[in-house]
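**Student:** Structure file query_14.pdb (PDB, C-alpha atoms) right here:
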ATOM      1  CA  MET A1259       4.203 -18.819   3.577
ATOM      2  CA  LEU A1260       1.037 -19.633   1.707
ATOM      3  CA  ILE A1261       0.708 -18.144  -1.758
ATOM      4  CA  ASN A1262      -2.879 -17.210  -0.904
ATOM      5  CA  GLU A1263      -1.780 -14.606   1.635
ATOM      6  CA  PHE A1264      -0.157 -12.540  -1.099
ATOM      7  CA  LEU A1265      -2.863 -13.234  -3.672
ATOM      8  CA  LEU A1266      -5.629 -12.171  -1.277
ATOM      9  CA  LEU A1267      -3.701  -9.009  -0.360
ATOM     10  CA  GLY A1268      -3.420  -8.241  -4.071
ATOM     11  CA  ALA A1269      -7.128  -8.895  -4.576
ATOM     12  CA  ALA A1270      -8.043  -6.591  -1.670
ATOM     13  CA  LEU A1271      -5.848  -3.778  -3.036
ATOM     14  CA  PHE A1272      -7.340  -4.289  -6.507
ATOM     15  CA  CYS A1273     -10.909  -4.008  -5.203
ATOM     16  CA  ILE A1274     -10.092  -0.872  -3.190
ATOM     17  CA  GLY A1275      -8.513   0.624  -6.316
ATOM     18  CA  VAL A1276     -11.589  -0.209  -8.422
ATOM     19  CA  TYR A1277     -13.788   1.455  -5.790
ATOM     20  CA  GLY A1278     -11.546   4.541  -5.917
ATOM     21  CA  VAL A1279     -11.684   4.771  -9.722
ATOM     22  CA  LEU A1280     -15.485   4.542  -9.685
ATOM     23  CA  ALA A1281     -16.232   6.700  -6.639
ATOM     24  CA  ARG A1282     -13.803   9.611  -7.076
ATOM     25  CA  ARG A1283     -14.619  12.533  -9.331
ATOM     26  CA  ASN A1284     -11.287  14.373  -9.025
ATOM     27  CA  GLY A1285      -8.835  13.464 -11.816
ATOM     28  CA  VAL A1286      -5.738  13.241  -9.603
ATOM     29  CA  MET A1287      -7.537  10.963  -7.123
ATOM     30  CA  VAL A1288      -8.547   8.608  -9.955
ATOM     31  CA  LEU A1289      -4.890   8.389 -11.028
ATOM     32  CA  MET A1290      -3.915   7.513  -7.429
ATOM     33  CA  SER A1291      -6.469   4.693  -7.396
ATOM     34  CA  ILE A1292      -5.012   3.377 -10.664
ATOM     35  CA  GLU A1293      -1.620   3.217  -8.916
ATOM     36  CA  LEU A1294      -3.187   0.966  -6.251
ATOM     37  CA  ILE A1295      -4.453  -1.382  -8.984
ATOM     38  CA  LEU A1296      -1.032  -1.539 -10.684
ATOM     39  CA  ASN A1297       0.667  -2.363  -7.368
ATOM     40  CA  SER A1298      -1.741  -5.220  -6.681
ATOM     41  CA  VAL A1299      -0.841  -6.658 -10.087
ATOM     42  CA  ASN A1300       2.861  -6.435  -9.221
ATOM     43  CA  ILE A1301       2.347  -8.329  -5.950
ATOM     44  CA  ASN A1302       0.598 -11.095  -7.913
ATOM     45  CA  LEU A1303       3.382 -11.259 -10.523
ATOM     46  CA  LEU A1304       6.097 -11.600  -7.863
ATOM     47  CA  ALA A1305       4.130 -14.179  -5.830
ATOM     48  CA  PHE A1306       3.692 -16.396  -8.885
ATOM     49  CA  ASN A1307       7.346 -15.875  -9.801
ATOM     50  CA  LEU A1308       8.361 -17.297  -6.407
ATOM     51  CA  LYS A1309       5.821 -20.108  -6.705
ATOM     52  CA  HIS A1310       7.211 -21.289 -10.051
ATOM     53  CA  GLY A1311      10.811 -20.863  -8.909
ATOM     54  CA  GLY A1312      13.980 -20.903 -10.974
ATOM     55  CA  ASP A1313      12.761 -18.122 -13.234
ATOM     56  CA  VAL A1314      12.894 -14.335 -13.200
ATOM     57  CA  ILE A1315      10.035 -13.653 -15.635
ATOM     58  CA  GLY A1316       7.814 -12.247 -12.883
ATOM     59  CA  ASN A1317      10.501  -9.802 -11.780
ATOM     60  CA  VAL A1318      11.086  -8.646 -15.365
ATOM     61  CA  PHE A1319       7.391  -8.007 -15.950
ATOM     62  CA  ALA A1320       7.017  -6.260 -12.586
ATOM     63  CA  LEU A1321       9.819  -3.883 -13.628
ATOM     64  CA  TYR A1322       8.086  -3.258 -16.984
ATOM     65  CA  VAL A1323       4.816  -2.547 -15.158
ATOM     66  CA  ILE A1324       6.588  -0.003 -12.929
ATOM     67  CA  ALA A1325       8.076   1.747 -15.987
ATOM     68  CA  VAL A1326       4.737   1.857 -17.826
ATOM     69  CA  ALA A1327       3.048   3.186 -14.674
ATOM     70  CA  ALA A1328       5.607   5.995 -14.452
ATOM     71  CA  ALA A1329       4.917   6.970 -18.075
ATOM     72  CA  GLU A1330       1.167   6.801 -17.452
ATOM     73  CA  VAL A1331       1.363   9.082 -14.418
ATOM     74  CA  GLY A1332       3.470  11.626 -16.320
ATOM     75  CA  VAL A1333       1.097  11.873 -19.277
ATOM     76  CA  GLY A1334      -2.017  11.592 -17.082
ATOM     77  CA  LEU A1335      -0.989  14.456 -14.822
ATOM     78  CA  ALA A1336      -0.068  16.580 -17.852
ATOM     79  CA  ILE A1337      -3.580  15.994 -19.247
ATOM     80  CA  VAL A1338      -5.166  16.821 -15.879
ATOM     81  CA  LEU A1339      -3.091  20.022 -15.722
ATOM     82  CA  LEU A1340      -4.245  20.987 -19.230
ATOM     83  CA  ILE A1341      -7.891  20.354 -18.314
ATOM     84  CA  TYR A1342      -7.473  22.483 -15.194
ATOM     85  CA  ARG A1343      -5.898  25.300 -17.190
ATOM     86  CA  ASN A1344      -8.759  25.316 -19.694
ATOM     87  CA  ARG A1345     -11.696  24.793 -17.340
ATOM     88  CA  ARG A1346     -10.483  25.789 -13.830
ATOM     89  CA  SER A1347     -11.768  22.436 -12.540
ATOM     90  CA  ILE A1348     -10.737  18.790 -12.771
ATOM     91  CA  ALA A1349     -14.104  17.273 -11.883
ATOM     92  CA  LEU A1350     -14.375  14.413 -14.353
ATOM     93  CA  ASP A1351     -18.174  14.419 -14.614
ATOM     94  CA  GLU A1352     -18.123  17.954 -16.032
ATOM     95  CA  LEU A1353     -16.069  16.828 -19.047
ATOM     96  CA  SER A1354     -19.031  16.080 -21.287
ATOM     97  CA  GLN A1355     -18.345  18.120 -24.436
ATOM     98  CA  MET A1356     -17.600  14.960 -26.424
ATOM     99  CA  LYS A1357     -21.017  13.526 -25.591
ATOM    100  CA  GLY A1358     -23.043  13.602 -28.839
TER
ATOM    101  CA  MET B 313      13.899 -24.817  11.856
ATOM    102  CA  LEU B 314      11.254 -24.381   9.202
ATOM    103  CA  LEU B 315       8.694 -23.178  11.754
ATOM    104  CA  ALA B 316      11.197 -20.789  13.315
ATOM    105  CA  ASN B 317      11.800 -19.367   9.857
ATOM    106  CA  ALA B 318       8.164 -19.094   8.953
ATOM    107  CA  VAL B 319       6.690 -17.384  12.036
ATOM    108  CA  PRO B 320       8.508 -14.015  11.758
ATOM    109  CA  GLN B 321       7.604 -13.935   8.068
ATOM    110  CA  HIS B 322       3.935 -14.450   8.862
ATOM    111  CA  ILE B 323       3.989 -11.751  11.549
ATOM    112  CA  ALA B 324       5.768  -9.304   9.241
ATOM    113  CA  PHE B 325       3.382 -10.078   6.405
ATOM    114  CA  GLY B 326       0.312  -9.616   8.614
ATOM    115  CA  LEU B 327       1.468  -6.298  10.064
ATOM    116  CA  ILE B 328       2.480  -4.823   6.697
ATOM    117  CA  ALA B 329      -0.661  -6.110   4.988
ATOM    118  CA  ALA B 330      -2.904  -4.553   7.663
ATOM    119  CA  VAL B 331      -1.117  -1.199   7.316
ATOM    120  CA  MET B 332      -1.418  -1.408   3.514
ATOM    121  CA  ILE B 333      -5.162  -2.153   3.582
ATOM    122  CA  VAL B 334      -5.857   0.695   6.025
ATOM    123  CA  GLY B 335      -3.696   3.044   3.949
ATOM    124  CA  ALA B 336      -5.419   2.047   0.703
ATOM    125  CA  LEU B 337      -8.847   2.644   2.269
ATOM    126  CA  ARG B 338      -7.688   6.086   3.420
ATOM    127  CA  VAL B 339      -6.404   6.846  -0.101
ATOM    128  CA  VAL B 340      -9.841   6.258  -1.640
ATOM    129  CA  THR B 341     -11.907   7.842   1.168
ATOM    130  CA  SER B 342      -9.849  10.794   2.451
ATOM    131  CA  ASN B 343     -11.252  14.272   1.833
ATOM    132  CA  ASN B 344      -7.824  15.886   1.785
ATOM    133  CA  MET B 345      -5.812  15.384  -1.412
ATOM    134  CA  VAL B 346      -2.385  15.859   0.192
ATOM    135  CA  ARG B 347      -3.258  13.384   2.961
ATOM    136  CA  ALA B 348      -4.448  10.879   0.350
ATOM    137  CA  ALA B 349      -1.117  11.264  -1.483
ATOM    138  CA  LEU B 350       0.815  10.693   1.770
ATOM    139  CA  TRP B 351      -1.279   7.589   2.572
ATOM    140  CA  LEU B 352      -0.383   6.383  -0.929
ATOM    141  CA  VAL B 353       3.285   6.659   0.120
ATOM    142  CA  VAL B 354       2.508   4.285   3.021
ATOM    143  CA  VAL B 355       0.840   1.776   0.687
ATOM    144  CA  LEU B 356       3.671   1.907  -1.872
ATOM    145  CA  SER B 357       6.346   1.480   0.819
ATOM    146  CA  GLY B 358       4.394  -1.482   2.227
ATOM    147  CA  ALA B 359       4.314  -2.989  -1.260
ATOM    148  CA  ALA B 360       8.117  -2.623  -1.424
ATOM    149  CA  ALA B 361       8.367  -4.486   1.903
ATOM    150  CA  GLN B 362       6.141  -7.270   0.537
ATOM    151  CA  TYR B 363       8.423  -7.538  -2.508
ATOM    152  CA  ILE B 364      11.348  -8.131  -0.123
ATOM    153  CA  LEU B 365       9.328 -10.870   1.618
ATOM    154  CA  LEU B 366       8.846 -12.347  -1.878
ATOM    155  CA  ALA B 367      12.661 -12.311  -2.365
ATOM    156  CA  ALA B 368      12.619  -9.670  -5.097
ATOM    157  CA  GLU B 369      15.028  -7.065  -3.761
ATOM    158  CA  PHE B 370      15.743  -5.386  -7.079
ATOM    159  CA  VAL B 371      12.064  -4.768  -7.758
ATOM    160  CA  ALA B 372      11.667  -3.472  -4.189
ATOM    161  CA  VAL B 373      14.506  -0.970  -4.639
ATOM    162  CA  THR B 374      13.086   0.102  -7.996
ATOM    163  CA  GLN B 375       9.680   0.541  -6.366
ATOM    164  CA  VAL B 376      11.139   2.853  -3.727
ATOM    165  CA  LEU B 377      13.133   4.859  -6.283
ATOM    166  CA  VAL B 378      10.450   5.205  -8.959
ATOM    167  CA  TYR B 379       7.189   5.219  -7.000
ATOM    168  CA  VAL B 380       8.010   6.659  -3.595
ATOM    169  CA  GLY B 381      10.614   8.974  -5.075
ATOM    170  CA  ALA B 382       9.443  10.183  -8.467
ATOM    171  CA  VAL B 383       5.754   9.355  -8.893
ATOM    172  CA  MET B 384       4.791  10.767  -5.493
ATOM    173  CA  VAL B 385       6.565  14.059  -6.234
ATOM    174  CA  LEU B 386       4.574  14.204  -9.491
ATOM    175  CA  PHE B 387       1.348  13.576  -7.575
ATOM    176  CA  LEU B 388       2.095  16.292  -5.028
ATOM    177  CA  PHE B 389       2.913  18.735  -7.841
ATOM    178  CA  GLY B 390      -0.296  17.759  -9.623
ATOM    179  CA  THR B 391      -2.274  18.310  -6.419
ATOM    180  CA  MET B 392      -0.754  21.682  -5.731
ATOM    181  CA  LEU B 393      -0.955  22.977  -9.310
ATOM    182  CA  THR B 394      -4.658  22.160  -9.669
ATOM    183  CA  ARG B 395      -5.854  23.627  -6.377
ATOM    184  CA  GLY B 396      -6.212  27.169  -5.169
ATOM    185  CA  GLN B 397      -6.019  26.081  -1.566
ATOM    186  CA  ILE B 398      -4.952  22.869   0.109
ATOM    187  CA  GLY B 399      -7.180  21.396   2.757
ATOM    188  CA  HIS B 400     -10.498  19.764   3.465
ATOM    189  CA  GLU B 401     -12.608  19.502   0.324
ATOM    190  CA  ARG B 402     -16.103  18.276  -0.350
ATOM    191  CA  ASP B 403     -16.206  17.739  -4.100
ATOM    192  CA  LEU B 404     -13.657  14.924  -4.406
ATOM    193  CA  ASN B 405     -16.258  12.170  -4.639
ATOM    194  CA  ASN B 406     -19.154  11.330  -6.919
ATOM    195  CA  LYS B 407     -22.665  11.789  -5.613
ATOM    196  CA  HIS B 408     -23.484   8.082  -5.854
ATOM    197  CA  ARG B 409     -21.027   6.020  -3.870
ATOM    198  CA  ILE B 410     -23.233   2.996  -3.221
ATOM    199  CA  ILE B 411     -22.876   1.490  -6.692
ATOM    200  CA  PRO B 412     -19.032   1.580  -6.674
ATOM    201  CA  GLY B 413     -19.110   0.044  -3.189
ATOM    202  CA  VAL B 414     -21.378  -2.766  -4.353
ATOM    203  CA  VAL B 415     -19.194  -3.383  -7.422
ATOM    204  CA  ALA B 416     -16.015  -3.502  -5.299
ATOM    205  CA  LEU B 417     -17.576  -5.824  -2.708
ATOM    206  CA  MET B 418     -18.886  -8.197  -5.401
ATOM    207  CA  LEU B 419     -15.459  -8.215  -7.055
ATOM    208  CA  ALA B 420     -13.805  -8.911  -3.677
ATOM    209  CA  GLY B 421     -16.220 -11.771  -3.014
ATOM    210  CA  ILE B 422     -15.671 -13.391  -6.401
ATOM    211  CA  LEU B 423     -11.882 -12.985  -6.334
ATOM    212  CA  GLY B 424     -11.663 -14.235  -2.748
ATOM    213  CA  TYR B 425     -13.807 -17.286  -3.481
ATOM    214  CA  VAL B 426     -11.849 -18.185  -6.613
ATOM    215  CA  LEU B 427      -8.449 -17.736  -4.940
ATOM    216  CA  ILE B 428      -9.355 -19.711  -1.819
ATOM    217  CA  ASP B 429     -10.917 -22.425  -3.964
ATOM    218  CA  ALA B 430      -7.889 -22.714  -6.243
ATOM    219  CA  TYR B 431      -4.921 -22.195  -3.900
ATOM    220  CA  HIS B 432      -6.217 -23.032  -0.404
ATOM    221  CA  ALA B 433      -3.260 -25.263   0.572
ATOM    222  CA  SER B 434      -0.651 -24.168  -1.942
ATOM    223  CA  LYS B 435       2.603 -23.239  -0.180
ATOM    224  CA  LEU B 436       5.323 -20.960  -1.458
ATOM    225  CA  PRO B 437       8.807 -22.509  -1.554
ATOM    226  CA  ASP B 438      11.496 -21.038   0.690
ATOM    227  CA  ALA B 439      12.499 -17.661  -0.618
ATOM    228  CA  VAL B 440      15.756 -17.692  -2.588
ATOM    229  CA  PRO B 441      16.881 -14.148  -3.431
ATOM    230  CA  VAL B 442      16.733 -13.421  -7.147
ATOM    231  CA  SER B 443      20.118 -12.240  -8.363
ATOM    232  CA  THR B 444      20.117  -8.983 -10.298
ATOM    233  CA  ASP B 445      22.410 -10.310 -13.017
ATOM    234  CA  LYS B 446      19.822 -12.956 -13.878
ATOM    235  CA  ILE B 447      17.194 -10.231 -14.243
ATOM    236  CA  SER B 448      19.465  -8.143 -16.461
ATOM    237  CA  ASP B 449      20.398 -11.189 -18.571
ATOM    238  CA  SER B 450      16.710 -11.885 -19.028
ATOM    239  CA  ILE B 451      15.850  -8.279 -19.921
ATOM    240  CA  PHE B 452      18.667  -7.926 -22.440
ATOM    241  CA  SER B 453      18.213 -11.294 -24.140
ATOM    242  CA  THR B 454      14.805 -12.945 -23.994
ATOM    243  CA  TYR B 455      12.738  -9.837 -23.298
ATOM    244  CA  LEU B 456      14.719  -7.359 -25.380
ATOM    245  CA  LEU B 457      11.823  -6.501 -27.703
ATOM    246  CA  PRO B 458       9.448  -5.366 -24.906
ATOM    247  CA  PHE B 459      12.388  -3.422 -23.459
ATOM    248  CA  TRP B 460      12.785  -1.533 -26.745
ATOM    249  CA  ALA B 461       9.052  -0.930 -26.926
ATOM    250  CA  LEU B 462       9.158   0.357 -23.351
ATOM    251  CA  SER B 463      12.002   2.741 -24.199
ATOM    252  CA  ILE B 464       9.947   4.194 -27.062
ATOM    253  CA  VAL B 465       6.891   4.470 -24.764
ATOM    254  CA  LEU B 466       8.897   6.341 -22.123
ATOM    255  CA  THR B 467      10.424   8.716 -24.691
ATOM    256  CA  ALA B 468       7.008   9.398 -26.195
ATOM    257  CA  ALA B 469       5.575   9.973 -22.708
ATOM    258  CA  VAL B 470       8.306  12.475 -21.809
ATOM    259  CA  VAL B 471       7.859  14.418 -25.069
ATOM    260  CA  GLY B 472       4.062  14.197 -24.821
ATOM    261  CA  ALA B 473       3.972  15.426 -21.241
ATOM    262  CA  ILE B 474       6.146  18.428 -22.151
ATOM    263  CA  VAL B 475       4.006  19.253 -25.201
ATOM    264  CA  LEU B 476       0.774  18.963 -23.188
ATOM    265  CA  ALA B 477       1.872  20.923 -20.137
ATOM    266  CA  ARG B 478       3.788  23.695 -21.944
ATOM    267  CA  LYS B 479       2.275  27.162 -21.925
ATOM    268  CA  ASP B 480       2.303  28.903 -25.280
TER
END
Since I need it in another form, could you write the structure as C-alpha cells?
**Tutor:**
Amino acid sequence: MLINEFLLLGAALFCIGVYGVLARRNGVMVLMSIELILNSVNINLLAFNLKHGGDVIGNVFALYVIAVAAAEVGVGLAIVLLIYRNRRSIALDELSQMKG
Amino acid sequence: MLLANAVPQHIAFGLIAAVMIVGALRVVTSNNMVRAALWLVVVLSGAAAQYILLAAEFVAVTQVLVYVGAVMVLFLFGTMLTRGQIGHERDLNNKHRIIPGVVALMLAGILGYVLIDAYHASKLPDAVPVSTDKISDSIFSTYLLPFWALSIVLTAAVVGAIVLARKD
C-alpha cells in the first residue's frame, strides 16, 4: 500500500468537513462536519504510525483524539439544546446578540 | 507473494474509500438531518475499516464503540430534541454556498498537490498488528500526563453537559 492513498483520503474527508462547517447553518449539522474533520486527522495519525513502524504513538494519540471528540460532542450538543430552548431555533446566523 | 497480499488490500481500500467519500458528501449536502446522521454512521464505520487496514485493531474497536455507539446516539437525540418534526427541511444551509465550495476546492487542490509532491512513491511497510499491551504500556508510562489531563477534560465535560442541559 502507498501511504498517499490514506493521506489523500484523509485530505478529501477534511475538505468535505470544512465545506460542511462553512456551508451549514444548523448547529447539529456543523458538529457532524467537525466529526468528519476529526476522523480525517485520525486516519493521518494511524497512517504515519504505520509508516514509522515500531512505535505506538500514533495509536495513542488517535485514542486521545477520539476521547476529546466525545467530550466535545457532549458539551456541544448540550449548548445547542440550551440555545434551542431559549430561542426555539438553532440557526447559527441568528445568534448575533454578542455582536457589538 | 507480496503482490498477492497487496491486491486485496488495494481493492478493499478503494471500495471503502469510495463509500466513505460518497457518505461524507451526503452528510454535508443532505436536507434531512436524520439521514445525514445515518450517512455519518457509514463514514465512521468505513473509517474503522480503514484503521483495520492500517493494522490498528484497538483503535478500530474503540471507534466502533465510542463513535458508532455513543456519539451517534447523542447526535440522534440532539436532532430529535431540537426539531418539531423530522423530515425534509430547507433551512439547514447558508444562503451563500459558493464561497465554502471554493474554499474547500482550493484546500483540496493545495493538500493534494503537497501530498503527491512529498509522498508520491512512498510505500507503507507490511502491516504488523499493534499489540494492545504496547498501547496500554505507552499510555500509562510515557503519555500518562495527557491521560490525566484527558480524564479531567472528560469529567468537566460530563458535569458541564449536565449543568447546561438541566432544566431548572
**Student:** Which residues of chain B have any atom within 6 Å of an atom in chain A when counting all atoms listed in the file, and what is the closest pair of atoms for each, with the distance in Å to one decimal? Order the rows by chain and rising number and write it as CSV.
**Tutor:**
residue,atom,partner,partner_atom,distance
B:Val340,CA,A:Gly1278,CA,4.9
B:Leu404,CA,A:Asn1284,CA,5.2
B:Asn405,CA,A:Arg1282,CA,4.3
B:Asn406,CA,A:Arg1283,CA,5.3
B:Arg409,CA,A:Ala1281,CA,5.6
B:Pro412,CA,A:Tyr1277,CA,5.3
B:Ala416,CA,A:Cys1273,CA,5.1
B:Ala420,CA,A:Cys1273,CA,5.9
B:Lys435,CA,A:Leu1260,CA,4.4
B:Leu436,CA,A:Lys1309,CA,5.3
B:Leu466,CA,A:Ala1329,CA,5.7
B:Ala469,CA,A:Ala1329,CA,5.6
B:Ala473,CA,A:Val1333,CA,5.0
B:Leu476,CA,A:Ala1336,CA,5.9
B:Ala477,CA,A:Ala1336,CA,5.3
**Student:** Set up a box along x, y and z of the file covering all listed atoms of region 1292-1309 of chain A, add 3 Å on every one of the six sides, and write the centre and edge lengths in Å to one decimal, as AutoDock Vina command-line options.
**Tutor:**
--center_x 1.7 --center_y -8.4 --center_z -8.3 --size_x 19.4 --size_y 29.5 --size_z 10.9
**Student:** Which residues are near region 343-350 of chain B? Cut-off 10 Å, only C-alpha atoms, ignore same chain within fewer than 4 positions. Put them as a list in words.
**Tutor:**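 Returned residues: Asn1284, Val1286, Met1287 and Met1290 of chain A; Gly335, Ala336, Leu337, Arg338, Val339, Val354, Val355, Leu356, Val380, Met384, Val385, Phe387, Leu388, Thr391, Met392, Arg395, Ile398, Gly399, His400, Glu401, Arg402, Asp403, Leu404 and Asn405 of chain B.
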**Student:** Of the candidates B:Ile364, B:Ala318, B:Ala324, B:Val334, which one gets nearest to Pro437 (chain B) if we count all atoms listed in the file?
**Tutor:**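 Using all atoms listed in the file, the shortest distance to Pro437 (chain B) belongs to B:Ala318.
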**Student:** Please, what distance in Å, to one decimal, runs between CA of Phe370 (chain B) and CA of Ser443 (chain B)?
**Tutor:**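 For CA of Phe370 (chain B) relative to CA of Ser443 (chain B), the distance reads 8.2 Å.
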**Student:** Figure out the distance between CA of Val353 (chain B) and CA of Pro441 (chain B), please, to one decimal in Å.
**Tutor:**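 That distance, rounded to one decimal, is 25.1 Å.
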**Student:** Measure the distance from CA of Leu386 (chain B) to CA of Arg478 (chain B) in Å and round it to one decimal.
**Tutor:**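 Taking CA of Leu386 (chain B) as the start and CA of Arg478 (chain B) as the end point, the length is 15.7 Å.
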